[in-house]
Structures are given as C-alpha cells and as structure tokens.
$ cat structure23.tsv   # TSV, C-alpha atoms
chain	number	residue	atom	x	y	z
G	1	MET	CA	12.78	-32.96	33.06
G	2	LYS	CA	15.73	-30.56	33.29
G	3	ARG	CA	17.89	-33.13	31.50
G	4	LEU	CA	15.35	-33.37	28.64
G	5	VAL	CA	15.23	-29.58	28.30
G	6	ALA	CA	19.03	-29.42	28.22
G	7	ILE	CA	19.16	-32.09	25.53
G	8	ALA	CA	16.51	-30.26	23.47
G	9	VAL	CA	18.42	-26.99	23.70
G	10	THR	CA	21.67	-28.70	22.73
G	11	LEU	CA	20.01	-30.36	19.73
G	12	ALA	CA	18.51	-27.05	18.64
G	13	ILE	CA	21.91	-25.36	18.77
G	14	LEU	CA	23.56	-28.21	16.87
G	15	LEU	CA	20.79	-28.19	14.26
G	16	ALA	CA	21.07	-24.43	13.80
G	17	GLY	CA	24.80	-24.86	13.29
G	18	CYS	CA	24.22	-27.55	10.69
G	19	GLN	CA	21.70	-25.39	8.85
G	20	GLN	CA	24.13	-22.48	8.76
G	21	ALA	CA	26.87	-24.78	7.49
G	22	GLU	CA	24.60	-25.95	4.68
G	23	VAL	CA	24.66	-22.49	3.13
G	24	GLY	CA	28.31	-22.79	2.26
G	25	GLU	CA	31.00	-20.21	1.69
G	26	GLY	CA	30.24	-17.69	-1.03
G	27	LYS	CA	26.57	-18.72	-1.20
G	28	ILE	CA	23.25	-17.17	-0.23
G	29	LYS	CA	20.53	-19.57	0.87
G	30	VAL	CA	17.16	-18.41	-0.46
G	31	VAL	CA	13.81	-19.29	1.12
G	32	THR	CA	10.32	-18.11	0.18
G	33	MET	CA	7.66	-16.59	2.43
G	34	SER	CA	5.17	-13.73	2.48
G	35	PRO	CA	6.50	-10.22	3.24
G	36	ARG	CA	4.42	-10.13	6.41
G	37	ASP	CA	6.20	-13.29	7.63
G	38	MET	CA	9.57	-11.89	6.55
G	39	VAL	CA	9.24	-9.00	9.00
G	40	GLU	CA	8.48	-11.36	11.87
G	41	GLN	CA	11.15	-13.92	10.95
G	42	LEU	CA	13.82	-11.24	10.65
G	43	LYS	CA	12.91	-10.06	14.14
G	44	LEU	CA	13.04	-13.62	15.53
G	45	GLY	CA	16.29	-14.52	13.74
G	46	GLY	CA	14.69	-17.12	11.48
G	47	ILE	CA	16.21	-15.34	8.48
G	48	ASP	CA	19.17	-13.00	8.11
G	49	ALA	CA	17.71	-10.75	5.43
G	50	PHE	CA	14.80	-10.37	3.04
G	51	VAL	CA	13.80	-8.74	-0.23
G	52	ALA	CA	10.29	-7.28	-0.18
G	53	TRP	CA	8.11	-4.34	-1.11
G	54	GLU	CA	6.73	-1.48	0.94
G	55	PRO	CA	5.48	-0.99	3.57
G	56	PHE	CA	7.10	-4.18	4.90
G	57	VAL	CA	10.61	-2.84	4.25
G	58	SER	CA	9.95	0.28	6.31
G	59	GLU	CA	8.12	-1.67	9.01
G	60	ALA	CA	11.27	-3.68	9.71
G	61	VAL	CA	13.47	-0.58	9.58
G	62	VAL	CA	11.31	1.69	11.73
G	63	ASN	CA	10.87	-1.02	14.36
G	64	GLY	CA	14.65	-1.47	14.56
G	65	ASN	CA	14.71	-5.05	13.33
G	66	GLY	CA	16.74	-4.47	10.18
G	67	LYS	CA	18.41	-1.95	7.91
G	68	ILE	CA	18.32	-1.37	4.17
G	69	ILE	CA	21.49	-2.44	2.39
G	70	ALA	CA	20.21	-1.82	-1.15
G	71	THR	CA	17.03	-0.35	-2.63
G	72	SER	CA	15.49	-1.64	-5.82
G	73	ALA	CA	16.10	1.79	-7.36
G	74	ASP	CA	19.83	1.22	-6.77
G	75	ILE	CA	19.74	-2.25	-8.32
G	76	TRP	CA	17.25	-1.95	-11.19
G	77	PRO	CA	16.06	1.63	-11.76
G	78	ASN	CA	12.47	2.00	-12.90
G	79	HIS	CA	11.81	-1.74	-12.68
G	80	PRO	CA	8.19	-2.90	-13.15
G	81	CYS	CA	6.15	-3.62	-10.07
G	82	CYS	CA	2.39	-3.39	-9.45
G	83	VAL	CA	-0.05	-2.96	-12.33
G	84	VAL	CA	-3.76	-2.68	-13.05
G	85	ALA	CA	-5.07	-5.60	-15.12
G	86	THR	CA	-8.42	-6.67	-16.53
G	87	THR	CA	-10.12	-9.53	-18.29
G	88	GLU	CA	-12.51	-7.04	-19.93
G	89	LYS	CA	-10.16	-5.36	-22.40
G	90	ASP	CA	-12.84	-5.26	-25.11
G	91	ASP	CA	-15.28	-3.32	-22.92
G	92	ARG	CA	-13.79	0.04	-23.84
G	93	GLU	CA	-16.23	2.12	-21.78
G	94	LEU	CA	-15.47	0.14	-18.64
G	95	VAL	CA	-11.71	0.21	-19.20
G	96	THR	CA	-11.80	3.96	-19.89
G	97	ALA	CA	-13.64	4.56	-16.62
G	98	ILE	CA	-11.20	2.39	-14.64
G	99	VAL	CA	-8.12	3.98	-16.20
G	100	TRP	CA	-9.48	7.50	-15.72
G	101	ALA	CA	-10.11	6.85	-12.01
G	102	HIS	CA	-6.63	5.35	-11.63
G	103	VAL	CA	-4.92	8.26	-13.38
G	104	LYS	CA	-6.82	10.82	-11.32
G	105	ALA	CA	-5.92	8.98	-8.10
G	106	THR	CA	-2.26	8.69	-9.09
G	107	ARG	CA	-2.04	12.40	-9.85
G	108	PHE	CA	-3.72	13.12	-6.53
G	109	ILE	CA	-1.05	11.06	-4.76
G	110	ASN	CA	1.80	12.75	-6.62
G	111	ASN	CA	0.51	16.28	-5.96
G	112	PRO	CA	2.54	17.70	-3.01
G	113	ASP	CA	-0.48	19.79	-1.96
G	114	ASN	CA	-2.27	16.56	-0.99
G	115	ARG	CA	0.55	15.11	1.09
G	116	GLU	CA	-1.22	15.12	4.45
G	117	LYS	CA	-4.37	13.53	3.05
G	118	VAL	CA	-2.31	10.94	1.14
G	119	ILE	CA	-0.46	9.95	4.32
G	120	GLU	CA	-3.79	9.52	6.12
G	121	TYR	CA	-5.14	7.37	3.29
G	122	ALA	CA	-1.95	5.29	3.28
G	123	MET	CA	-2.26	4.65	7.02
G	124	GLU	CA	-5.91	3.61	6.62
G	125	PHE	CA	-5.20	1.36	3.64
G	126	THR	CA	-2.22	-0.49	5.13
G	127	GLY	CA	-2.99	-0.33	8.84
G	128	LYS	CA	0.59	0.84	9.45
G	129	SER	CA	1.80	3.72	11.61
G	130	ARG	CA	2.47	7.20	10.30
G	131	GLU	CA	6.22	6.73	10.77
G	132	VAL	CA	6.23	3.52	8.71
G	133	VAL	CA	4.10	5.02	5.94
G	134	GLU	CA	6.15	8.22	5.67
G	135	GLU	CA	9.35	6.19	5.46
G	136	ALA	CA	7.87	3.85	2.85
G	137	MET	CA	6.57	6.63	0.62
G	138	LYS	CA	10.14	7.84	0.07
G	139	ARG	CA	10.93	4.78	-2.05
G	140	ILE	CA	7.78	4.32	-4.14
G	141	LYS	CA	7.17	5.83	-7.57
G	142	PHE	CA	3.43	5.98	-8.19
G	143	ILE	CA	2.95	5.75	-11.93
G	144	GLU	CA	0.18	5.77	-14.53
G	145	TYR	CA	1.60	3.17	-16.91
G	146	PRO	CA	4.60	0.81	-16.59
G	147	ASP	CA	7.82	1.30	-18.53
G	148	GLU	CA	7.27	-1.09	-21.43
G	149	LYS	CA	10.98	-1.61	-22.12
G	150	GLU	CA	11.61	-2.62	-18.51
G	151	PHE	CA	8.61	-4.95	-18.63
G	152	VAL	CA	10.05	-6.69	-21.69
G	153	LYS	CA	13.37	-6.92	-19.84
G	154	TYR	CA	11.62	-8.68	-16.98
G	155	PHE	CA	9.95	-11.05	-19.48
G	156	GLU	CA	13.37	-11.88	-20.95
G	157	ASN	CA	14.69	-12.59	-17.44
G	158	LEU	CA	11.80	-15.01	-16.90
G	159	LYS	CA	12.64	-16.81	-20.16
G	160	ARG	CA	16.32	-17.10	-19.35
G	161	GLY	CA	15.52	-18.36	-15.86
G	162	GLY	CA	13.24	-21.07	-17.23
G	163	TYR	CA	10.18	-19.73	-15.41
G	164	LEU	CA	7.98	-19.54	-18.52
G	165	LYS	CA	6.49	-22.94	-19.34
G	166	LYS	CA	4.83	-21.92	-22.61
G	167	SER	CA	5.86	-19.92	-25.65
G	168	VAL	CA	3.77	-17.06	-26.99
G	169	LYS	CA	2.99	-19.19	-30.05
G	170	GLU	CA	1.46	-21.82	-27.78
G	171	LEU	CA	-0.76	-19.02	-26.47
G	172	GLY	CA	-1.92	-18.21	-29.99
G	173	TYR	CA	0.35	-15.26	-30.88
G	174	GLU	CA	2.50	-15.00	-33.99
G	175	SER	CA	5.32	-13.24	-32.17
G	176	GLU	CA	6.31	-11.70	-28.86
G	177	ASP	CA	5.46	-8.28	-30.29
G	178	ASP	CA	1.90	-9.50	-30.91
G	179	PHE	CA	1.74	-10.88	-27.38
G	180	PHE	CA	2.87	-7.62	-25.81
G	181	GLN	CA	0.43	-5.57	-27.88
G	182	ASP	CA	-2.35	-7.55	-26.23
G	183	PHE	CA	-0.77	-7.98	-22.80
G	184	LEU	CA	0.44	-4.39	-22.39
G	185	TYR	CA	-2.72	-2.75	-23.65
G	186	LYS	CA	-1.90	0.97	-23.62
G	187	ASP	CA	-4.49	2.32	-26.07
G	188	VAL	CA	-7.02	3.41	-23.46
G	189	TYR	CA	-4.37	4.98	-21.21
G	190	ASP	CA	-3.08	7.02	-24.16
G	191	TYR	CA	-6.62	8.16	-24.90
G	192	VAL	CA	-7.35	9.15	-21.29
G	193	ASN	CA	-4.01	10.93	-20.98
G	194	SER	CA	-4.60	12.93	-24.18
G	195	LYS	CA	-8.11	13.98	-23.09
G	196	LEU	CA	-6.84	15.13	-19.70
G	197	ALA	CA	-4.01	17.04	-21.41
G	198	GLU	CA	-6.63	18.95	-23.41
G	199	ASN	CA	-8.83	19.53	-20.37
G	200	GLU	CA	-7.78	18.45	-16.87
G	201	SER	CA	-11.45	18.55	-15.78
G	202	TRP	CA	-12.52	16.02	-18.43
G	203	VAL	CA	-14.60	13.11	-17.15
G	204	PRO	CA	-15.68	10.19	-19.35
G	205	GLU	CA	-19.36	9.40	-19.72
G	206	LYS	CA	-20.84	7.39	-16.85
G	207	VAL	CA	-20.93	3.64	-17.48
G	208	ASN	CA	-23.36	2.81	-14.65
G	209	LYS	CA	-21.86	-0.63	-13.98
G	210	THR	CA	-20.78	-2.74	-11.04
G	211	VAL	CA	-17.19	-3.92	-11.24
G	212	ARG	CA	-15.36	-6.34	-8.95
G	213	VAL	CA	-11.82	-5.14	-8.23
G	214	GLY	CA	-9.10	-7.21	-6.57
G	215	TYR	CA	-6.23	-5.80	-4.53
G	216	LEU	CA	-3.52	-7.10	-2.19
G	217	THR	CA	-3.60	-6.86	1.59
G	218	ALA	CA	-1.71	-3.82	2.95
G	219	ASP	CA	0.25	-3.33	-0.28
G	220	LEU	CA	1.13	0.38	-0.27
G	221	HIS	CA	2.08	0.17	-3.95
G	222	GLN	CA	-1.65	-0.08	-4.69
G	223	LEU	CA	-2.62	3.08	-2.82
G	224	ALA	CA	-4.21	4.59	-5.95
G	225	PHE	CA	-7.06	2.08	-5.69
G	226	TYR	CA	-7.95	3.27	-2.18
G	227	VAL	CA	-7.54	6.93	-3.11
G	228	ALA	CA	-9.85	6.48	-6.12
G	229	MET	CA	-12.54	5.14	-3.80
G	230	LYS	CA	-12.05	7.76	-1.08
G	231	GLU	CA	-11.94	10.69	-3.50
G	232	GLY	CA	-15.03	9.51	-5.33
G	233	TYR	CA	-13.42	9.00	-8.73
G	234	TYR	CA	-15.20	5.71	-9.35
G	235	SER	CA	-18.60	7.18	-8.55
G	236	GLN	CA	-17.92	10.10	-10.91
G	237	VAL	CA	-17.78	7.65	-13.83
G	238	GLY	CA	-20.73	5.59	-12.67
G	239	LEU	CA	-18.81	2.64	-11.27
G	240	LEU	CA	-20.00	0.74	-8.23
G	241	VAL	CA	-16.87	-1.02	-6.99
G	242	GLU	CA	-16.99	-4.28	-5.11
G	243	ALA	CA	-13.52	-4.60	-3.57
G	244	LYS	CA	-12.08	-8.08	-3.06
G	245	GLU	CA	-8.93	-8.52	-0.97
G	246	PHE	CA	-6.33	-11.19	-1.79
G	247	ALA	CA	-3.34	-12.38	0.22
G	248	ASN	CA	-1.00	-12.42	-2.79
G	249	GLY	CA	-0.83	-11.98	-6.55
G	250	VAL	CA	-1.02	-15.69	-7.35
G	251	MET	CA	-4.32	-15.95	-5.47
G	252	GLU	CA	-5.58	-12.85	-7.23
G	253	MET	CA	-4.76	-14.37	-10.62
G	254	GLU	CA	-6.78	-17.39	-9.55
G	255	GLY	CA	-9.55	-14.90	-8.82
G	256	PHE	CA	-9.35	-13.73	-12.44
G	257	LYS	CA	-9.28	-17.32	-13.66
G	258	ASN	CA	-12.34	-18.29	-11.61
G	259	GLY	CA	-14.35	-15.23	-12.68
G	260	GLU	CA	-14.35	-13.66	-9.20
G	261	ILE	CA	-13.05	-10.27	-10.40
G	262	GLU	CA	-12.93	-8.26	-13.63
G	263	VAL	CA	-10.18	-5.82	-12.61
G	264	GLY	CA	-7.22	-6.17	-10.27
G	265	TYR	CA	-4.28	-4.35	-8.73
G	266	LEU	CA	-1.43	-6.85	-8.40
G	267	GLY	CA	2.26	-7.43	-9.03
G	268	GLY	CA	3.54	-7.57	-12.58
G	269	ALA	CA	5.34	-10.82	-11.71
G	270	PRO	CA	2.32	-13.04	-10.93
G	271	ALA	CA	0.38	-11.27	-13.69
G	272	THR	CA	3.02	-12.27	-16.26
G	273	LEU	CA	3.75	-15.76	-14.95
G	274	LYS	CA	0.10	-16.80	-14.69
G	275	ARG	CA	-0.77	-15.10	-17.99
G	276	VAL	CA	1.79	-17.23	-19.80
G	277	ASN	CA	1.95	-20.46	-17.82
G	278	ASP	CA	-1.78	-20.80	-17.05
G	279	ASP	CA	-3.09	-18.76	-20.00
G	280	VAL	CA	-5.17	-16.52	-17.70
G	281	ARG	CA	-6.39	-13.97	-20.24
G	282	ILE	CA	-5.67	-10.59	-18.69
G	283	SER	CA	-4.34	-7.36	-20.16
G	284	ILE	CA	-2.43	-4.68	-18.28
G	285	ILE	CA	-4.25	-1.37	-18.69
G	286	ALA	CA	-2.30	0.82	-16.25
G	287	GLY	CA	0.66	0.84	-13.90
G	288	ALA	CA	0.47	1.33	-10.14
G	289	ASN	CA	4.12	1.83	-9.24
G	290	SER	CA	7.73	1.18	-10.11
G	291	GLU	CA	10.60	0.57	-7.67
G	292	GLY	CA	9.55	0.53	-4.00
G	293	SER	CA	11.36	-2.66	-2.88
G	294	ALA	CA	14.59	-3.17	-0.95
G	295	ILE	CA	16.96	-5.69	0.60
G	296	VAL	CA	16.76	-5.52	4.39
G	297	ALA	CA	19.31	-7.24	6.63
G	298	LYS	CA	19.52	-7.84	10.34
G	299	ASP	CA	23.28	-7.55	10.77
G	300	ALA	CA	24.89	-7.37	7.31
G	301	SER	CA	25.88	-3.96	5.98
G	302	SER	CA	26.60	-4.95	2.38
G	303	ILE	CA	25.63	-7.53	-0.21
G	304	GLU	CA	29.00	-9.26	0.25
G	305	GLU	CA	28.16	-9.82	3.91
G	306	LEU	CA	25.12	-11.90	2.91
G	307	ALA	CA	27.50	-14.75	2.09
G	308	GLY	CA	26.55	-17.76	4.20
G	309	LYS	CA	23.24	-16.11	5.17
G	310	LYS	CA	19.59	-17.06	4.74
G	311	VAL	CA	17.59	-14.54	2.69
G	312	ALA	CA	13.83	-14.59	2.10
G	313	ILE	CA	12.08	-13.61	-1.14
G	314	PRO	CA	8.32	-13.65	-1.89
G	315	GLY	CA	8.70	-16.26	-4.64
G	316	PHE	CA	10.91	-17.52	-7.45
G	317	GLY	CA	10.50	-15.57	-10.67
G	318	THR	CA	9.36	-12.44	-8.83
G	319	VAL	CA	11.03	-9.08	-9.37
G	320	GLN	CA	12.44	-9.41	-5.85
G	321	ASP	CA	14.02	-12.74	-6.84
G	322	PHE	CA	15.77	-11.08	-9.78
G	323	LEU	CA	16.85	-8.10	-7.69
G	324	LEU	CA	18.66	-10.46	-5.31
G	325	ARG	CA	20.20	-12.46	-8.15
G	326	MET	CA	21.46	-9.30	-9.84
G	327	VAL	CA	23.33	-8.05	-6.77
G	328	ALA	CA	24.52	-11.55	-5.82
G	329	GLU	CA	26.07	-12.05	-9.26
G	330	LYS	CA	27.77	-8.66	-9.08
G	331	ALA	CA	29.17	-9.54	-5.65
G	332	GLY	CA	30.39	-12.95	-6.85
G	333	LEU	CA	27.93	-14.87	-4.69
G	334	GLU	CA	25.93	-17.96	-5.66
G	335	ILE	CA	22.22	-18.41	-4.96
G	336	THR	CA	21.24	-21.75	-3.43
G	337	THR	CA	18.00	-23.18	-2.06

$ encode --input "structure23.tsv" --output "structure tokens"
Amino acid sequence: MKRLVAIAVTLAILLAGCQQAEVGEGKIKVVTMSPRDMVEQLKLGGIDAFVAWEPFVSEAVVNGNGKIIATSADIWPNHPCCVVATTEKDDRELVTAIVWAHVKATRFINNPDNREKVIEYAMEFTGKSREVVEEAMKRIKFIEYPDEKEFVKYFENLKRGGYLKKSVKELGYESEDDFFQDFLYKDVYDYVNSKLAENESWVPEKVNKTVRVGYLTADLHQLAFYVAMKEGYYSQVGLLVEAKEFANGVMEMEGFKNGEIEVGYLGGAPATLKRVNDDVRISIIAGANSEGSAIVAKDASSIEELAGKKVAIPGFGTVQDFLLRMVAEKAGLEITT
C-alpha cells in the first residue's frame, strides 16, 4: 500500500512538472472558471493568478491567499462592466420606473452620508465579511449609465478577437450606429436624469406591475438592485419585483431568451456576446458599475512574473479576458490555452 501511495505521489509531481513545462517561456497559460472557484483554486495552488471582479478579488486578498498586481482601473480606465438590460424597451412606463429606482439606488450608494448602511447592505447581498466588502468598495465605480465610447471600444475588441459570429446587418440593422442606438438605449435614462435635476424629489407615476428581475450571485457590482429593494424604491413606483438569481451572465441571458425575466443586472460582456451571437433581443437601459476588477496573484509581484504561470479568467471574450491580454501584450508575453 505504501509503495502504491509513493508511486501516486511521484506521478503527481511529475505530472505537475509536465503541466508547468507546457506553459512555455514567455507565455501565460489561460484557463476558465467561475470567480468563486478562482478564489479556492488560488488558495489550493491549482492556479497561479486570476482576473475577476469584486468581491472575489478582495476575498482572496483579505484572506491572505493572493495580492493585487494590477487593477482594471490601471489597465483600462472606465471600462464597461455590469449593466441593467431589458427585453421590454418599448414599455416606456416600465422602463422609466426601473431606471428611476436604479438611479435613486446608485445615488444612495454614492452618498457618503449613507456609508454605514451601504456597507451593511453589501454584506447582506454578497454574504461576505465587513473587511472584504470595505476593501472591495474601494475599487468599484457605481454608475448610472455606461460610458458609450468605452462600450464601443469593447465591441471593437470582440470583433478583432473573432468572438462575434454575426454582423449587425445579419441582425437586421443598417449600420453599427443603428445597432448601438437600439442596444445602448439611453433615452429613458436621459429623461429620468433631467427630471431629477429639476426636482430631486420627483417620482414617476406608479405602474402597478410585477416585473421579474435577474441578478448574479454575490456580485457586488450589482449592489444597486439590492439597495433599490431595501430602500423601497421599487414599491414607490408601483413595481412588485420577483428576483431571480443566476450563477453567471450567460445563464441570465438564457433566462431572457426563455422568457424567465424581463429585466436583468448582468455583465456587459455576456449581454453583448449573446445579443449578437444568439440574437437575444435586449437593450441596455442603465449601467451598474465600471472598473472593479483586478489581477490577483499568489506569488508574482508584476505582470512580467506571470510568465510560465497559469491564470484563470471567467471566460473568453469577457472584459477580464481583454484586461489580461492588454497587460500581457504590453509585457511582451503570449497568451496560450
């Protein structure tokens, strides 16, 4: 029995050595997994680094399992991240109510006077400790609408990378400008913003509707959704919200496709990829956050030191994928799978 154990251990060591050798000099080996698994695998040594969003970045850092070697703000300032999308763009009353609640919640979060309450909400929403949440909040920009220029930049990156399987003309649009006018639907946000500028106490008329809203498990970027519920903003506009939790953005887009939800908080990456490749007819009506991701490493202290290492990302074509590729290219490193 002891001999068998010894052989197994020897084989495991040899195999690990072979896997490390496969990466090659000047290359970063990329694997995909969920951010929750990234935290655990970094701790166990299954990966050397990862690129993820909060609060998973701070969870690894606070627990002493990794350190940040680059934030997404350092790599791609103001990059797009989570958004609010809907399949009901033409229901203006509903969209106005949703956007109003989101804007009110976002302003609540960004008001320093509410800091203690916001931290409590963040802990409840994510199930993470106060220390993790406070650390994570330092790197997230909670926003009302995404930077449209940066969103187009992301779209161009997807095209160059070959991630988009259809053209906008195949989707029925004359041009990319026409596509973005429909996809990045800002009209209602502009209306809500102007009304609140005139009177910060303005509340739209009640719609008295039930709406099914999707969100991602423990994703701190989507805190505005939880705040809107806790602060009663949805009820103020006559919305009865049925919340539906999804493990990731791809599954949430399937939820849109299958008619399970009318509104969703999710990443801009799966929203864009599934909108184009699967023609899931959603429009982005608000932004949830920008930035708020980082590269976390177990031992490396710089991007250059990731050479020969295994790095996890949430998926190819995601913002986190491009963040890693941007710094790898600058450091003269090649991405391999």

$ residues_around --input "structure23.tsv" --residues "Ile284 (chain G)" --least-positions-apart "6" --cutoff "9 Å" --atoms "all atoms listed in the file" --output "compact mmCIF listing (two decimals) with C-alpha atoms, in the coordinates of the input"
# COMPACT_ATOMS: atom_id res chain seq x y z
CA VAL G 83 -0.05 -2.96 -12.33
CA VAL G 84 -3.76 -2.68 -13.05
CA ALA G 85 -5.07 -5.60 -15.12
CA THR G 86 -8.42 -6.67 -16.53
CA LYS G 89 -10.16 -5.36 -22.40
CA TYR G 145 1.60 3.17 -16.91
CA ASP G 182 -2.35 -7.55 -26.23
CA PHE G 183 -0.77 -7.98 -22.80
CA LEU G 184 0.44 -4.39 -22.39
CA TYR G 185 -2.72 -2.75 -23.65
CA LYS G 186 -1.90 0.97 -23.62
CA GLY G 268 3.54 -7.57 -12.58
CA ALA G 271 0.38 -11.27 -13.69

$ atom_distance --input "structure23.tsv" --atom1 "CA of Lys128 (chain G)" --atom2 "CA of Pro146 (chain G)"
26.3 Å

$ closest_atom_pairs --input "structure23.tsv" --of "region 46-108 of chain G" --to "region 233-246 of chain G" --cutoff "9 Å" --atoms "only C-alpha atoms" --output "tab-separated table"
residue	atom	partner	partner_atom	distance
G:Leu94	CA	G:Leu239	CA	8.5
G:Ala97	CA	G:Val237	CA	5.9
G:Ile98	CA	G:Tyr234	CA	7.4
G:Trp100	CA	G:Tyr233	CA	8.2
G:Ala101	CA	G:Tyr233	CA	5.1
G:His102	CA	G:Tyr233	CA	8.2
G:Lys104	CA	G:Tyr233	CA	7.3
G:Ala105	CA	G:Tyr233	CA	7.5

$ atom_distance --input "structure23.tsv" --atom1 "CA of Asp279 (chain G)" --atom2 "CA of Val207 (chain G)"
28.7 Å

$ atom_distance --input "structure23.tsv" --atom1 "CA of Phe180 (chain G)" --atom2 "CA of Cys82 (chain G)"
16.9 Å

$ residues_around --input "structure23.tsv" --residues "Phe151 (chain G)" --least-positions-apart "3" --cutoff "10 Å" --atoms "all atoms listed in the file" --output "PDB file with C-alpha atoms, in the frame of the given file"
ATOM      1  CA  ASN G  78      12.470   2.000 -12.900  1.00  0.00           C
ATOM      2  CA  HIS G  79      11.810  -1.740 -12.680  1.00  0.00           C
ATOM      3  CA  PRO G  80       8.190  -2.900 -13.150  1.00  0.00           C
ATOM      4  CA  CYS G  81       6.150  -3.620 -10.070  1.00  0.00           C
ATOM      5  CA  PRO G 146       4.600   0.810 -16.590  1.00  0.00           C
ATOM      6  CA  ASP G 147       7.820   1.300 -18.530  1.00  0.00           C
ATOM      7  CA  GLU G 148       7.270  -1.090 -21.430  1.00  0.00           C
ATOM      8  CA  TYR G 154      11.620  -8.680 -16.980  1.00  0.00           C
ATOM      9  CA  PHE G 155       9.950 -11.050 -19.480  1.00  0.00           C
ATOM     10  CA  GLU G 156      13.370 -11.880 -20.950  1.00  0.00           C
ATOM     11  CA  ASN G 157      14.690 -12.590 -17.440  1.00  0.00           C
ATOM     12  CA  PHE G 180       2.870  -7.620 -25.810  1.00  0.00           C
ATOM     13  CA  LEU G 184       0.440  -4.390 -22.390  1.00  0.00           C
ATOM     14  CA  GLY G 268       3.540  -7.570 -12.580  1.00  0.00           C
ATOM     15  CA  ALA G 269       5.340 -10.820 -11.710  1.00  0.00           C
ATOM     16  CA  THR G 272       3.020 -12.270 -16.260  1.00  0.00           C
TER      17      THR G 272
END

$ residues_near_point --input "structure23.tsv" --point "(-1.9, -17.1, -18.4)" --cutoff "12 Å" --atoms "only C-alpha atoms" --output "PyMOL selection string"
chain G and resi 87+164-168+170-172+179+183+250+253-254+256-257+269-283

$ closest_residue --input "structure23.tsv" --among "G:Val103, G:Asn248, G:Thr336, G:Ala122" --to "Trp202 (chain G)" --atoms "only C-alpha atoms"
G:Val103

$ closest_residue --input "structure23.tsv" --among "G:Val133, G:Ile69, G:Ala52, G:Ala224" --to "Leu306 (chain G)" --atoms "all atoms listed in the file"
G:Ile69

$ closest_residue --input "structure23.tsv" --among "G:Leu220, G:Val51, G:Ile140, G:Val227" --to "Thr318 (chain G)" --atoms "only C-alpha atoms"
G:Val51

$ closest_residue --input "structure23.tsv" --among "G:Val263, G:Ile143, G:Ala49, G:Ala228" --to "Lys29 (chain G)" --atoms "all atoms listed in the file"
G:Ala49

$ closest_residue --input "structure23.tsv" --among "G:Glu59, G:Glu120, G:Asp177, G:Asp91" --to "Tyr226 (chain G)" --atoms "all atoms listed in the file"
G:Glu120

$ residues_around --input "structure23.tsv" --residues "Ser302 (chain G)" --least-positions-apart "6" --cutoff "10 Å" --atoms "all atoms listed in the file" --output "PyMOL selection string"
chain G and resi 68-70+295+331

$ residues_around --input "structure23.tsv" --residues "Gly66 (chain G)" --least-positions-apart "2" --cutoff "7 Å" --atoms "all atoms listed in the file" --output "ChimeraX atom specification"
/G:60-61,64,68,296-298
